[in-house]
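Raw target_39.pdb, PDB, C-alpha atoms:
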ATOM      1  CA  MET A   1     -20.530  17.659   5.013
ATOM      2  CA  GLY A   2     -19.775  14.449   3.087
ATOM      3  CA  LYS A   3     -18.537  11.109   4.254
ATOM      4  CA  HIS A   4     -15.695  10.906   6.727
ATOM      5  CA  LEU A   5     -12.358   9.692   5.378
ATOM      6  CA  ILE A   6     -12.520   6.243   6.983
ATOM      7  CA  GLU A   7     -15.931   5.647   5.358
ATOM      8  CA  ARG A   8     -14.503   6.649   1.972
ATOM      9  CA  ILE A   9     -11.547   4.291   2.430
ATOM     10  CA  GLN A  10     -13.877   1.451   3.371
ATOM     11  CA  ASP A  11     -15.976   2.097   0.247
ATOM     12  CA  ILE A  12     -12.809   1.938  -1.873
ATOM     13  CA  ARG A  13     -11.721  -1.298  -0.134
ATOM     14  CA  CYS A  14     -15.060  -2.936  -0.905
ATOM     15  CA  GLU A  15     -15.127  -1.816  -4.539
ATOM     16  CA  LEU A  16     -11.509  -2.851  -5.068
ATOM     17  CA  ALA A  17     -12.166  -6.275  -3.518
ATOM     18  CA  GLY A  18     -14.997  -6.787  -6.033
ATOM     19  CA  MET A  19     -12.739  -6.138  -9.025
ATOM     20  CA  GLU A  20     -10.971  -8.944 -10.816
ATOM     21  CA  ILE A  21      -7.446  -7.594 -10.778
ATOM     22  CA  LYS A  22      -4.890  -9.905 -12.357
ATOM     23  CA  LYS A  23      -1.630 -10.701 -10.587
ATOM     24  CA  SER A  24       1.203 -10.167 -13.051
ATOM     25  CA  GLY A  25       4.066 -10.982 -10.675
ATOM     26  CA  HIS A  26       5.299 -14.567 -10.544
ATOM     27  CA  ASN A  27       7.644 -16.114  -7.987
ATOM     28  CA  LYS A  28       9.036 -19.085  -9.903
ATOM     29  CA  PHE A  29      11.022 -20.341  -6.897
ATOM     30  CA  ALA A  30       7.996 -20.663  -4.580
ATOM     31  CA  GLY A  31       5.433 -21.110  -7.368
ATOM     32  CA  TYR A  32       2.917 -18.374  -6.656
ATOM     33  CA  ARG A  33       1.613 -15.216  -8.317
ATOM     34  CA  TYR A  34       1.510 -11.812  -6.633
ATOM     35  CA  TYR A  35       0.332  -8.264  -7.251
ATOM     36  CA  GLU A  36       2.820  -5.832  -8.657
ATOM     37  CA  LEU A  37       2.200  -2.155  -7.927
ATOM     38  CA  GLY A  38       1.074  -1.552 -11.512
ATOM     39  CA  ASP A  39      -1.586  -4.274 -11.249
ATOM     40  CA  PHE A  40      -3.775  -2.338  -8.830
ATOM     41  CA  LEU A  41      -2.535   1.263  -8.837
ATOM     42  CA  ALA A  42      -4.519   2.540 -11.871
ATOM     43  CA  PRO A  43      -7.893   1.128 -10.718
ATOM     44  CA  LEU A  44      -7.121   2.294  -7.177
ATOM     45  CA  MET A  45      -6.387   5.845  -8.352
ATOM     46  CA  GLN A  46      -9.725   5.890 -10.220
ATOM     47  CA  LEU A  47     -11.549   4.724  -7.067
ATOM     48  CA  GLN A  48      -9.746   7.326  -4.966
ATOM     49  CA  LEU A  49     -10.827  10.041  -7.397
ATOM     50  CA  LYS A  50     -14.417   8.752  -7.387
ATOM     51  CA  HIS A  51     -14.522   8.776  -3.559
ATOM     52  CA  ARG A  52     -12.517  12.017  -3.222
ATOM     53  CA  VAL A  53      -9.494  10.502  -1.473
ATOM     54  CA  GLY A  54      -5.974  11.716  -2.193
ATOM     55  CA  SER A  55      -2.702   9.975  -1.434
ATOM     56  CA  MET A  56       0.968  10.840  -1.115
ATOM     57  CA  CYS A  57       3.934   8.537  -0.473
ATOM     58  CA  THR A  58       7.013   9.910   1.241
ATOM     59  CA  PHE A  59      10.281   8.319   2.262
ATOM     60  CA  ASP A  60      13.049   9.202   4.645
ATOM     61  CA  LYS A  61      16.090   7.278   5.774
ATOM     62  CA  ASP A  62      14.148   5.085   8.213
ATOM     63  CA  LEU A  63      10.459   5.317   7.314
ATOM     64  CA  ALA A  64       8.152   4.938   4.332
ATOM     65  CA  SER A  65       4.787   6.649   4.678
ATOM     66  CA  LEU A  66       1.504   6.742   2.771
ATOM     67  CA  THR A  67      -0.851   9.550   3.713
ATOM     68  CA  LEU A  68      -4.489   9.234   2.627
ATOM     69  CA  PHE A  69      -6.542  12.389   2.930
ATOM     70  CA  ASN A  70     -10.084  13.562   2.341
ATOM     71  CA  LEU A  71      -9.977  15.821  -0.723
ATOM     72  CA  ASP A  72     -13.037  17.706   0.549
ATOM     73  CA  GLU A  73     -11.670  18.146   4.084
ATOM     74  CA  PRO A  74      -7.857  17.868   3.867
ATOM     75  CA  ASP A  75      -7.448  18.070   7.656
ATOM     76  CA  GLN A  76      -8.834  14.500   7.745
ATOM     77  CA  TYR A  77      -5.992  12.127   7.005
ATOM     78  CA  ILE A  78      -4.687   8.686   7.864
ATOM     79  CA  ASN A  79      -1.018   7.839   7.798
ATOM     80  CA  VAL A  80       0.242   4.303   7.069
ATOM     81  CA  THR A  81       3.928   3.754   7.835
ATOM     82  CA  SER A  82       6.557   1.072   7.494
ATOM     83  CA  PRO A  83      10.254   0.890   8.355
ATOM     84  CA  PHE A  84      12.288   1.646   5.231
ATOM     85  CA  GLY A  85      14.049  -1.432   3.844
ATOM     86  CA  SER A  86      16.965  -1.868   1.487
ATOM     87  CA  ALA A  87      17.813  -3.734  -1.717
ATOM     88  CA  ASN A  88      20.994  -5.060  -3.214
ATOM     89  CA  LEU A  89      20.195  -5.795  -6.858
ATOM     90  CA  LYS A  90      22.980  -7.349  -8.887
ATOM     91  CA  ALA A  91      24.716  -5.000 -11.346
ATOM     92  CA  ALA A  92      22.529  -2.069 -10.275
ATOM     93  CA  HIS A  93      23.483   1.483  -9.405
ATOM     94  CA  GLU A  94      22.604   2.809  -5.940
ATOM     95  CA  ILE A  95      19.726   4.880  -7.334
ATOM     96  CA  GLN A  96      18.258   1.750  -8.961
ATOM     97  CA  ASN A  97      18.324  -0.016  -5.579
ATOM     98  CA  ILE A  98      16.615   2.986  -3.984
ATOM     99  CA  GLY A  99      13.962   2.994  -6.724
ATOM    100  CA  ALA A 100      13.364  -0.733  -6.274
ATOM    101  CA  VAL A 101      12.860  -0.292  -2.531
ATOM    102  CA  GLU A 102      10.544   2.687  -2.994
ATOM    103  CA  THR A 103       8.384   0.749  -5.465
ATOM    104  CA  TYR A 104       8.251  -2.237  -3.112
ATOM    105  CA  GLN A 105       7.409   0.006  -0.142
ATOM    106  CA  ARG A 106       4.656   1.793  -2.095
ATOM    107  CA  ARG A 107       3.164  -1.568  -3.055
ATOM    108  CA  TYR A 108       2.980  -2.713   0.550
ATOM    109  CA  LEU A 109       1.758   0.627   1.908
ATOM    110  CA  TYR A 110      -1.173   0.645  -0.523
ATOM    111  CA  MET A 111      -1.849  -3.033   0.141
ATOM    112  CA  THR A 112      -1.986  -2.310   3.882
ATOM    113  CA  ALA A 113      -4.157   0.796   3.552
ATOM    114  CA  TYR A 114      -6.671  -0.855   1.222
ATOM    115  CA  GLU A 115      -6.600  -4.400   2.649
ATOM    116  CA  ILE A 116      -5.318  -5.909  -0.602
ATOM    117  CA  VAL A 117      -4.748  -9.574   0.149
ATOM    118  CA  GLU A 118      -2.388 -11.985  -1.542
ATOM    119  CA  HIS A 119      -0.323 -15.107  -1.011
ATOM    120  CA  ASP A 120       1.747 -15.208   2.194
ATOM    121  CA  ALA A 121       5.266 -16.316   1.241
ATOM    122  CA  VAL A 122       6.274 -16.955   4.869
ATOM    123  CA  ASP A 123       3.340 -19.331   5.484
ATOM    124  CA  ALA A 124       3.967 -21.101   2.176
ATOM    125  CA  SER A 125       7.625 -21.696   3.021
ATOM    126  CA  GLY A 126       6.852 -23.351   6.373
ATOM    127  CA  GLY A 127       8.211 -20.360   8.288
ATOM    128  CA  GLN A 128      11.497 -20.235   6.387
ATOM    129  CA  ALA A 129      11.774 -16.745   4.907
ATOM    130  CA  THR A 130      12.941 -16.638   1.294
ATOM    131  CA  PRO A 131      15.033 -13.800  -0.176
ATOM    132  CA  GLN A 132      11.847 -12.363  -1.737
ATOM    133  CA  THR A 133      10.101 -12.148   1.646
ATOM    134  CA  ASN A 134       9.954  -8.848   3.484
ATOM    135  CA  THR A 135       9.352  -9.385   7.208
ATOM    136  CA  ARG A 136       9.098  -5.767   8.371
ATOM    137  CA  LYS A 137       6.251  -4.653  10.609
ATOM    138  CA  GLN A 138       3.650  -2.289   9.194
ATOM    139  CA  THR A 139       1.524   0.007  11.312
ATOM    140  CA  GLN A 140      -1.499   2.086  10.550
ATOM    141  CA  THR A 141      -2.225   5.124  12.665
ATOM    142  CA  GLN A 142      -4.911   7.729  12.456
ATOM    143  CA  GLN A 143      -3.658  11.251  13.044
ATOM    144  CA  THR A 144      -6.792  13.356  13.349
ATOM    145  CA  PRO A 145      -9.463  13.214  14.571
ATOM    146  CA  ALA A 146      -8.967  10.576  17.281
ATOM    147  CA  ASP A 147     -12.440   9.097  16.732
ATOM    148  CA  PRO A 148     -12.657   7.844  13.113
ATOM    149  CA  LEU A 149     -16.371   8.656  12.938
ATOM    150  CA  ALA A 150     -16.131  12.055  14.627
ATOM    151  CA  LYS A 151     -17.339  14.905  12.452
TER     152      LYS A 151
END
Rewritten as structure tokens:
Amino acid sequence: MGKHLIERIQDIRCELAGMEIKKSGHNKFAGYRYYELGDFLAPLMQLQLKHRVGSMCTFDKDLASLTLFNLDEPDQYINVTSPFGSANLKAAHEIQNIGAVETYQRRYLYMTAYEIVEHDAVDASGGQATPQTNTRKQTQTQQTPADPLAK
């Protein structure tokens, strides 16, 4: 039997942290750069393949979810969830607003799962949330087995 899923995820976190990934997003109002989903997704997918970890994002009316699973033992998985937000882009169709929210949710789910760190807009604004700030709570729960190192 190979490494347990949580060990694989930790290996990916460490390798990803050692990469020099450029932040292409720029908040001109607050003056900081941030990761867009496309900045880290391709290298992350390569690391997941290398460490035999699969992922799947799903969305329902109230919840966004990222499931990470061991490709060698698919019954080992970790689920990262977040309340589903909304967007109201100017001159956009409803489906464009849904797509914007899904992209944003995916970005934050992967950032949570892989400990991707960036600028904190709430801290930078002195506690005054800006329109670009998302203040929803994210949780990470392990589904099975209960002990992350259990074989």
Enumerate, as a ChimeraX atom specification, the residues matched when the PyMOL selection byres ((chain A and resi 12-28) around 7) is run on the file above. /A:8-11,29-36,39-40,47-48,114-115
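Close contacts of A:Asp72, defined as residues with an atom at most 10 Å away when counting only C-alpha atoms, with chain neighbours fewer than 6 positions off set aside, comprise Met1, Gly2, Lys3, His4, Leu5, His51, Arg52, Val53 and Gly54 of chain A.
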Those residues with C-alpha atoms, as a compact mmCIF listing (two decimals), keeping the file's coordinate frame please?
# COMPACT_ATOMS: atom_id res chain seq x y z
CA MET A 1 -20.53 17.66 5.01
CA GLY A 2 -19.77 14.45 3.09
CA LYS A 3 -18.54 11.11 4.25
CA HIS A 4 -15.70 10.91 6.73
CA LEU A 5 -12.36 9.69 5.38
CA HIS A 51 -14.52 8.78 -3.56
CA ARG A 52 -12.52 12.02 -3.22
CA VAL A 53 -9.49 10.50 -1.47
CA GLY A 54 -5.97 11.72 -2.19
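Of the residues listed (A:Gly85, A:Ile95, A:Val117, A:Leu71), A:Leu71 shows the shortest atom-to-atom separation from A:Lys50; distances use all atoms listed in the file.
The coordinates place atom CA of A:Glu102 at 18.2 Å from atom CA of A:Ile116.
Residues near the point (5.9, 2.1, 6.5), at a distance of 7 Å or less over only C-alpha atoms, make up Leu63, Ala64, Ser65, Val80, Thr81, Ser82, Pro83, Phe84, Leu109, Gln138 and Thr139 of chain A.
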Starting from 4 Å padding per side, set up an axis-aligned box that covers all listed atoms of stretch 82-85 of chain A and hand over centre and edge lengths in Å, one decimal, as AutoDock Vina command-line options.
--center_x 10.3 --center_y 0.1 --center_z 6.1 --size_x 15.5 --size_y 11.1 --size_z 12.5
Among A:Pro74, A:Gly38, A:Gly99, A:Pro43, A:Phe59 is approached most closely, using all atoms listed in the file, by A:Gly99
Return the single residue from A:Leu37, A:Ile6, A:Ala91, A:Ile78 that is closest to A:Tyr108, with distances computed using only C-alpha atoms.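 That would be A:Leu37, the residue with the smallest distance to A:Tyr108.
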I'd like to see the residues matched by the PyMOL selection byres ((chain A and resi 55) around 8) on this file, and ideally I'd get them as a PyMOL selection string. chain A and resi 53-54+56-57+66-69
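Among the candidate residues A:Ala92, A:Asp62, A:Gln76, A:Glu118, the one lying nearest to A:Gln105 is A:Asp62, with distances computed using only C-alpha atoms.
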One number please: atom CA of A:Ala100 to atom CA of A:Tyr77, in Å, one decimal. 26.8 Å
Hey, which of A:Asn70, A:His93, A:Thr112, A:Lys61 ends up closest to A:Leu49? Count all atoms listed in the file.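 Distance minimum relative to A:Leu49 lands on A:Asn70.
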